[in-house]
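Have a look at data-v5.pdb below; it lists PDB, C-alpha atoms.
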MODEL        1
ATOM      1  CA  LEU A   1     -12.837   2.846 -10.777  1.00  0.00           C
ATOM      2  CA  ASP A   2     -12.943  -0.923 -10.496  1.00  0.00           C
ATOM      3  CA  SER A   3     -10.895  -2.311  -7.613  1.00  0.00           C
ATOM      4  CA  SER A   4     -11.519  -6.016  -8.226  1.00  0.00           C
ATOM      5  CA  PHE A   5      -7.875  -6.583  -9.225  1.00  0.00           C
ATOM      6  CA  ASN A   6      -4.431  -5.027  -8.956  1.00  0.00           C
ATOM      7  CA  VAL A   7      -1.285  -6.073 -10.844  1.00  0.00           C
ATOM      8  CA  ARG A   8       2.212  -5.201  -9.575  1.00  0.00           C
ATOM      9  CA  ILE A   9       5.742  -6.089 -10.598  1.00  0.00           C
ATOM     10  CA  GLN A  10       8.600  -6.063  -8.123  1.00  0.00           C
ATOM     11  CA  HIS A  11      12.210  -6.120  -9.302  1.00  0.00           C
ATOM     12  CA  GLU A  12      15.101  -7.235  -7.130  1.00  0.00           C
ATOM     13  CA  GLU A  13      18.764  -6.500  -7.718  1.00  0.00           C
ATOM     14  CA  CYS A  14      21.076  -9.218  -8.951  1.00  0.00           C
ATOM     15  CA  SER A  15      23.575 -10.137  -6.286  1.00  0.00           C
ATOM     16  CA  GLY A  16      26.744  -8.116  -6.687  1.00  0.00           C
ATOM     17  CA  THR A  17      25.460  -5.802  -9.458  1.00  0.00           C
ATOM     18  CA  ASN A  18      23.274  -2.755  -9.882  1.00  0.00           C
ATOM     19  CA  HIS A  19      21.107  -4.543 -12.473  1.00  0.00           C
ATOM     20  CA  MET A  20      17.576  -5.733 -11.822  1.00  0.00           C
ATOM     21  CA  CYS A  21      17.122  -9.477 -12.226  1.00  0.00           C
ATOM     22  CA  LYS A  22      14.385 -11.277 -10.387  1.00  0.00           C
ATOM     23  CA  LYS A  23      10.881 -10.076 -11.072  1.00  0.00           C
ATOM     24  CA  THR A  24       7.803 -11.068  -9.119  1.00  0.00           C
ATOM     25  CA  LEU A  25       4.345 -10.391 -10.471  1.00  0.00           C
ATOM     26  CA  THR A  26       1.638 -10.032  -7.820  1.00  0.00           C
ATOM     27  CA  LEU A  27      -2.023 -10.178  -8.776  1.00  0.00           C
ATOM     28  CA  THR A  28      -4.419  -9.223  -6.017  1.00  0.00           C
ATOM     29  CA  THR A  29      -8.086 -10.042  -6.557  1.00  0.00           C
ATOM     30  CA  GLU A  30     -11.095  -9.669  -4.281  1.00  0.00           C
ATOM     31  CA  PHE A  31     -10.488 -13.174  -2.949  1.00  0.00           C
ATOM     32  CA  SER A  32      -6.834 -14.099  -3.518  1.00  0.00           C
ATOM     33  CA  THR A  33      -3.233 -12.924  -3.759  1.00  0.00           C
ATOM     34  CA  ILE A  34      -1.181 -14.644  -6.447  1.00  0.00           C
ATOM     35  CA  HIS A  35       2.600 -14.371  -6.830  1.00  0.00           C
ATOM     36  CA  LEU A  36       4.326 -15.482 -10.047  1.00  0.00           C
ATOM     37  CA  SER A  37       8.117 -15.581 -10.093  1.00  0.00           C
ATOM     38  CA  LEU A  38      10.474 -17.536 -12.342  1.00  0.00           C
ATOM     39  CA  GLY A  39       7.963 -20.339 -12.866  1.00  0.00           C
ATOM     40  CA  THR A  40       6.841 -20.481  -9.234  1.00  0.00           C
ATOM     41  CA  VAL A  41       3.168 -19.866  -8.406  1.00  0.00           C
ATOM     42  CA  ILE A  42       2.098 -19.014  -4.850  1.00  0.00           C
ATOM     43  CA  ILE A  43      -1.561 -18.435  -3.998  1.00  0.00           C
ATOM     44  CA  ASP A  44      -2.445 -17.061  -0.559  1.00  0.00           C
ATOM     45  CA  GLY A  45       0.876 -18.343   0.791  1.00  0.00           C
ATOM     46  CA  THR A  46       0.682 -21.863  -0.703  1.00  0.00           C
ATOM     47  CA  GLN A  47       3.037 -22.927  -3.506  1.00  0.00           C
ATOM     48  CA  ILE A  48       1.209 -24.561  -6.410  1.00  0.00           C
ATOM     49  CA  THR A  49       3.054 -27.364  -8.192  1.00  0.00           C
ATOM     50  CA  LYS A  50       0.450 -28.851 -10.555  1.00  0.00           C
ATOM     51  CA  MET A  51      -1.180 -26.971 -13.428  1.00  0.00           C
ATOM     52  CA  PRO A  52      -3.839 -26.139 -14.412  1.00  0.00           C
ATOM     53  CA  TYR A  53      -4.998 -24.935 -11.013  1.00  0.00           C
ATOM     54  CA  ARG A  54      -8.335 -23.408 -10.052  1.00  0.00           C
ATOM     55  CA  HIS A  55      -8.660 -21.327  -6.909  1.00  0.00           C
ATOM     56  CA  ARG A  56     -11.915 -19.530  -6.153  1.00  0.00           C
ATOM     57  CA  ASP A  57     -12.311 -16.947  -8.929  1.00  0.00           C
ATOM     58  CA  VAL A  58      -9.031 -17.703 -10.719  1.00  0.00           C
ATOM     59  CA  LEU A  59      -7.736 -20.312 -13.183  1.00  0.00           C
ATOM     60  CA  ILE A  60      -3.946 -20.561 -13.602  1.00  0.00           C
ATOM     61  CA  THR A  61      -2.452 -22.453 -16.528  1.00  0.00           C
ATOM     62  CA  ASP A  62       1.038 -22.950 -17.924  1.00  0.00           C
ATOM     63  CA  LEU A  63       0.477 -22.253 -21.620  1.00  0.00           C
ATOM     64  CA  SER A  64       4.009 -23.318 -22.506  1.00  0.00           C
ATOM     65  CA  THR A  65       7.421 -23.443 -20.909  1.00  0.00           C
ATOM     66  CA  MET A  66       7.423 -19.691 -21.440  1.00  0.00           C
ATOM     67  CA  PHE A  67       3.993 -18.284 -20.503  1.00  0.00           C
ATOM     68  CA  THR A  68       1.728 -18.598 -17.498  1.00  0.00           C
ATOM     69  CA  MET A  69      -1.877 -17.472 -17.893  1.00  0.00           C
ATOM     70  CA  VAL A  70      -4.070 -16.233 -15.059  1.00  0.00           C
ATOM     71  CA  GLN A  71      -7.742 -16.001 -15.975  1.00  0.00           C
ATOM     72  CA  MET A  72     -10.765 -14.535 -14.210  1.00  0.00           C
ATOM     73  CA  ALA A  73     -14.132 -13.485 -15.578  1.00  0.00           C
ATOM     74  CA  SER A  74     -13.495 -10.768 -18.207  1.00  0.00           C
ATOM     75  CA  PHE A  75      -9.756 -10.753 -17.423  1.00  0.00           C
ATOM     76  CA  LYS A  76      -6.697 -12.616 -18.720  1.00  0.00           C
ATOM     77  CA  LEU A  77      -3.088 -12.030 -17.776  1.00  0.00           C
ATOM     78  CA  PHE A  78      -0.178 -13.618 -19.644  1.00  0.00           C
ATOM     79  CA  TYR A  79       3.255 -13.498 -17.971  1.00  0.00           C
ATOM     80  CA  ASP A  80       6.507 -14.827 -19.405  1.00  0.00           C
ATOM     81  CA  ASN A  81       8.011 -15.133 -15.897  1.00  0.00           C
ATOM     82  CA  TYR A  82      10.651 -12.613 -16.816  1.00  0.00           C
ATOM     83  CA  ASN A  83       9.653  -9.197 -18.136  1.00  0.00           C
ATOM     84  CA  ARG A  84       6.611  -9.356 -20.422  1.00  0.00           C
ATOM     85  CA  ILE A  85       3.033  -9.029 -19.238  1.00  0.00           C
ATOM     86  CA  TYR A  86       0.003  -9.000 -21.487  1.00  0.00           C
ATOM     87  CA  ILE A  87      -3.336  -8.087 -19.955  1.00  0.00           C
ATOM     88  CA  LYS A  88      -6.621  -8.525 -21.756  1.00  0.00           C
ATOM     89  CA  ILE A  89      -9.717  -7.143 -20.072  1.00  0.00           C
ATOM     90  CA  GLY A  90     -13.326  -7.267 -21.170  1.00  0.00           C
ATOM     91  CA  PRO A  91     -15.630  -4.374 -22.058  1.00  0.00           C
ATOM     92  CA  GLY A  92     -17.014  -4.330 -18.524  1.00  0.00           C
ATOM     93  CA  TYR A  93     -13.789  -2.605 -17.448  1.00  0.00           C
ATOM     94  CA  GLU A  94     -14.120   0.278 -19.924  1.00  0.00           C
ATOM     95  CA  ASN A  95     -13.242   3.558 -18.168  1.00  0.00           C
ATOM     96  CA  LYS A  96     -12.863   1.681 -14.867  1.00  0.00           C
ATOM     97  CA  VAL A  97      -9.109   1.081 -14.817  1.00  0.00           C
ATOM     98  CA  ARG A  98      -6.004   3.206 -14.355  1.00  0.00           C
ATOM     99  CA  GLY A  99      -2.319   2.459 -14.528  1.00  0.00           C
ATOM    100  CA  LEU A 100       0.591   1.948 -16.840  1.00  0.00           C
ATOM    101  CA  CYS A 101      -1.693   0.339 -19.444  1.00  0.00           C
ATOM    102  CA  GLY A 102      -3.912   3.430 -19.712  1.00  0.00           C
ATOM    103  CA  THR A 103      -7.558   4.174 -18.955  1.00  0.00           C
ATOM    104  CA  PHE A 104      -9.355   1.859 -21.444  1.00  0.00           C
ATOM    105  CA  ASP A 105     -11.758   4.569 -22.569  1.00  0.00           C
ATOM    106  CA  TYR A 106     -10.635   4.776 -26.226  1.00  0.00           C
ATOM    107  CA  ASN A 107      -9.212   8.253 -25.643  1.00  0.00           C
ATOM    108  CA  PRO A 108      -5.407   8.141 -26.007  1.00  0.00           C
ATOM    109  CA  ASN A 109      -5.140  11.737 -24.768  1.00  0.00           C
ATOM    110  CA  ASN A 110      -5.779  10.718 -21.147  1.00  0.00           C
ATOM    111  CA  ASP A 111      -3.827   7.449 -20.968  1.00  0.00           C
ATOM    112  CA  PHE A 112      -1.238   9.150 -18.753  1.00  0.00           C
ATOM    113  CA  THR A 113      -3.758   9.656 -15.939  1.00  0.00           C
ATOM    114  CA  THR A 114      -1.725   9.401 -12.744  1.00  0.00           C
ATOM    115  CA  SER A 115      -2.526   7.463  -9.595  1.00  0.00           C
ATOM    116  CA  ASP A 116      -3.937  10.653  -8.041  1.00  0.00           C
ATOM    117  CA  ASP A 117      -6.196  11.145 -11.105  1.00  0.00           C
ATOM    118  CA  SER A 118      -4.337  14.076 -12.653  1.00  0.00           C
ATOM    119  CA  LEU A 119      -3.055  14.139 -16.219  1.00  0.00           C
ATOM    120  CA  GLU A 120       0.689  13.954 -16.861  1.00  0.00           C
ATOM    121  CA  MET A 121       2.279  14.702 -20.224  1.00  0.00           C
ATOM    122  CA  LYS A 122       5.663  13.037 -19.672  1.00  0.00           C
ATOM    123  CA  VAL A 123       6.283   9.294 -19.337  1.00  0.00           C
ATOM    124  CA  LEU A 124       8.667   9.184 -16.359  1.00  0.00           C
ATOM    125  CA  PRO A 125       6.648  11.414 -13.993  1.00  0.00           C
ATOM    126  CA  PHE A 126       3.534   9.447 -14.975  1.00  0.00           C
ATOM    127  CA  ALA A 127       5.160   6.070 -14.344  1.00  0.00           C
ATOM    128  CA  ASN A 128       6.646   7.231 -11.040  1.00  0.00           C
ATOM    129  CA  THR A 129       3.166   7.907  -9.632  1.00  0.00           C
ATOM    130  CA  TYR A 130       2.502   4.157  -9.810  1.00  0.00           C
ATOM    131  CA  ARG A 131       5.475   3.134  -7.668  1.00  0.00           C
ATOM    132  CA  PHE A 132       3.918   0.877  -5.034  1.00  0.00           C
ATOM    133  CA  ASP A 133       6.731   0.873  -2.517  1.00  0.00           C
ATOM    134  CA  ALA A 134       8.594   3.987  -1.345  1.00  0.00           C
ATOM    135  CA  ASP A 135      11.792   1.905  -1.410  1.00  0.00           C
ATOM    136  CA  CYS A 136      11.422   1.465  -5.163  1.00  0.00           C
ATOM    137  CA  PRO A 137      13.768   3.970  -6.833  1.00  0.00           C
ATOM    138  CA  LYS A 138      12.184   6.587  -9.065  1.00  0.00           C
ATOM    139  CA  LEU A 139      12.673   6.185 -12.780  1.00  0.00           C
ATOM    140  CA  ARG A 140      15.138   8.662 -14.291  1.00  0.00           C
ATOM    141  CA  ASN A 141      16.429   9.496 -17.754  1.00  0.00           C
ATOM    142  CA  GLN A 142      19.511   7.410 -18.484  1.00  0.00           C
TER
ENDMDL
END

Show me the file's structure as structure tokens.
Amino acid sequence: LDSSFNVRIQHEECSGTNHMCKKTLTLTTEFSTIHLSLGTVIIDGTQITKMPYRHRDVLITDLSTMFTMVQMASFKLFYDNYNRIYIKIGPGYENKVRGLCGTFDYNPNNDFTTSDDSLEMKVLPFANTYRFDADCPKLRNQ
């Protein structure tokens, strides 16, 4: 598996409710850690205020008032700073990735490969294996 990048989303509760509001996307690369949250960009602890911005292996651009794009070689991530993420990876990542987006090996029968490399048939148990923080509540049927 390729470990040159990792994408995580962290949800925080709205004050006074049980609903999730604020979402922070964290992209970890071999050289940098990038946090995107509600239009704020922080790279390796420094807030970035002017776009486009190039940092080592990464180019960050505001595509519109809605989408921020993070681009590396053979990798593009589009984030709407709320709840939508689009990831486009090049053919060099074929069969080298795992996660909620599948295995990228053109075999839909193994897209639910869990974080411990076993195959799950149900969505919620599969998704729960990718919880990054033990404090994150497990997904349950509503």

Stretch 38-40 of chain A surroundings by only C-alpha atoms, 10 Å radius, close-in-sequence under 4 positions cut, as a PDB file with C-alpha atoms, keeping the file's coordinate frame:
ATOM      1  CA  LYS A  22      14.385 -11.277 -10.387  1.00  0.00           C
ATOM      2  CA  LYS A  23      10.881 -10.076 -11.072  1.00  0.00           C
ATOM      3  CA  THR A  24       7.803 -11.068  -9.119  1.00  0.00           C
ATOM      4  CA  LEU A  25       4.345 -10.391 -10.471  1.00  0.00           C
ATOM      5  CA  GLN A  47       3.037 -22.927  -3.506  1.00  0.00           C
ATOM      6  CA  ILE A  48       1.209 -24.561  -6.410  1.00  0.00           C
ATOM      7  CA  THR A  49       3.054 -27.364  -8.192  1.00  0.00           C
ATOM      8  CA  ASP A  62       1.038 -22.950 -17.924  1.00  0.00           C
ATOM      9  CA  THR A  65       7.421 -23.443 -20.909  1.00  0.00           C
ATOM     10  CA  MET A  66       7.423 -19.691 -21.440  1.00  0.00           C
ATOM     11  CA  PHE A  67       3.993 -18.284 -20.503  1.00  0.00           C
ATOM     12  CA  THR A  68       1.728 -18.598 -17.498  1.00  0.00           C
ATOM     13  CA  TYR A  79       3.255 -13.498 -17.971  1.00  0.00           C
ATOM     14  CA  ASP A  80       6.507 -14.827 -19.405  1.00  0.00           C
ATOM     15  CA  ASN A  81       8.011 -15.133 -15.897  1.00  0.00           C
ATOM     16  CA  TYR A  82      10.651 -12.613 -16.816  1.00  0.00           C
TER      17      TYR A  82
END

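Here atom CA of A:Lys88 stands at a distance of 18.2 Å from atom CA of A:Ser64.
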
Just want the 8 Å neighbourhood of A:Ile89, counted on all atoms listed in the file, with same-chain residues fewer than 5 positions away dropped. Output as a compact mmCIF listing (two decimals) with C-alpha atoms, in the frame of the given file.
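Wrote around-v4.txt, looks like this:
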# COMPACT_ATOMS: atom_id res chain seq x y z
CA SER A 74 -13.50 -10.77 -18.21
CA PHE A 75 -9.76 -10.75 -17.42
CA LYS A 76 -6.70 -12.62 -18.72

Checklist entry - Given the file above and the PyMOL selection byres ((chain A and resi 117) around 12), which residues are selected, and can you give them as a PyMOL selection string? => result chain A and resi 1+97-99+102-103+110-116+118-120+126+129-130

Next on the checklist: Could you check the closest approach to A:Thr33 for each of A:Val58, A:Cys101, A:Met51, A:Ala73 and tell me which residue wins, using only C-alpha atoms?
Outcome noted: A:Val58

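Proximity of A:Ile85, A:Leu27, A:Cys136, A:Val123 to A:Ile60, computed with all atoms listed in the file, is greatest for A:Leu27.
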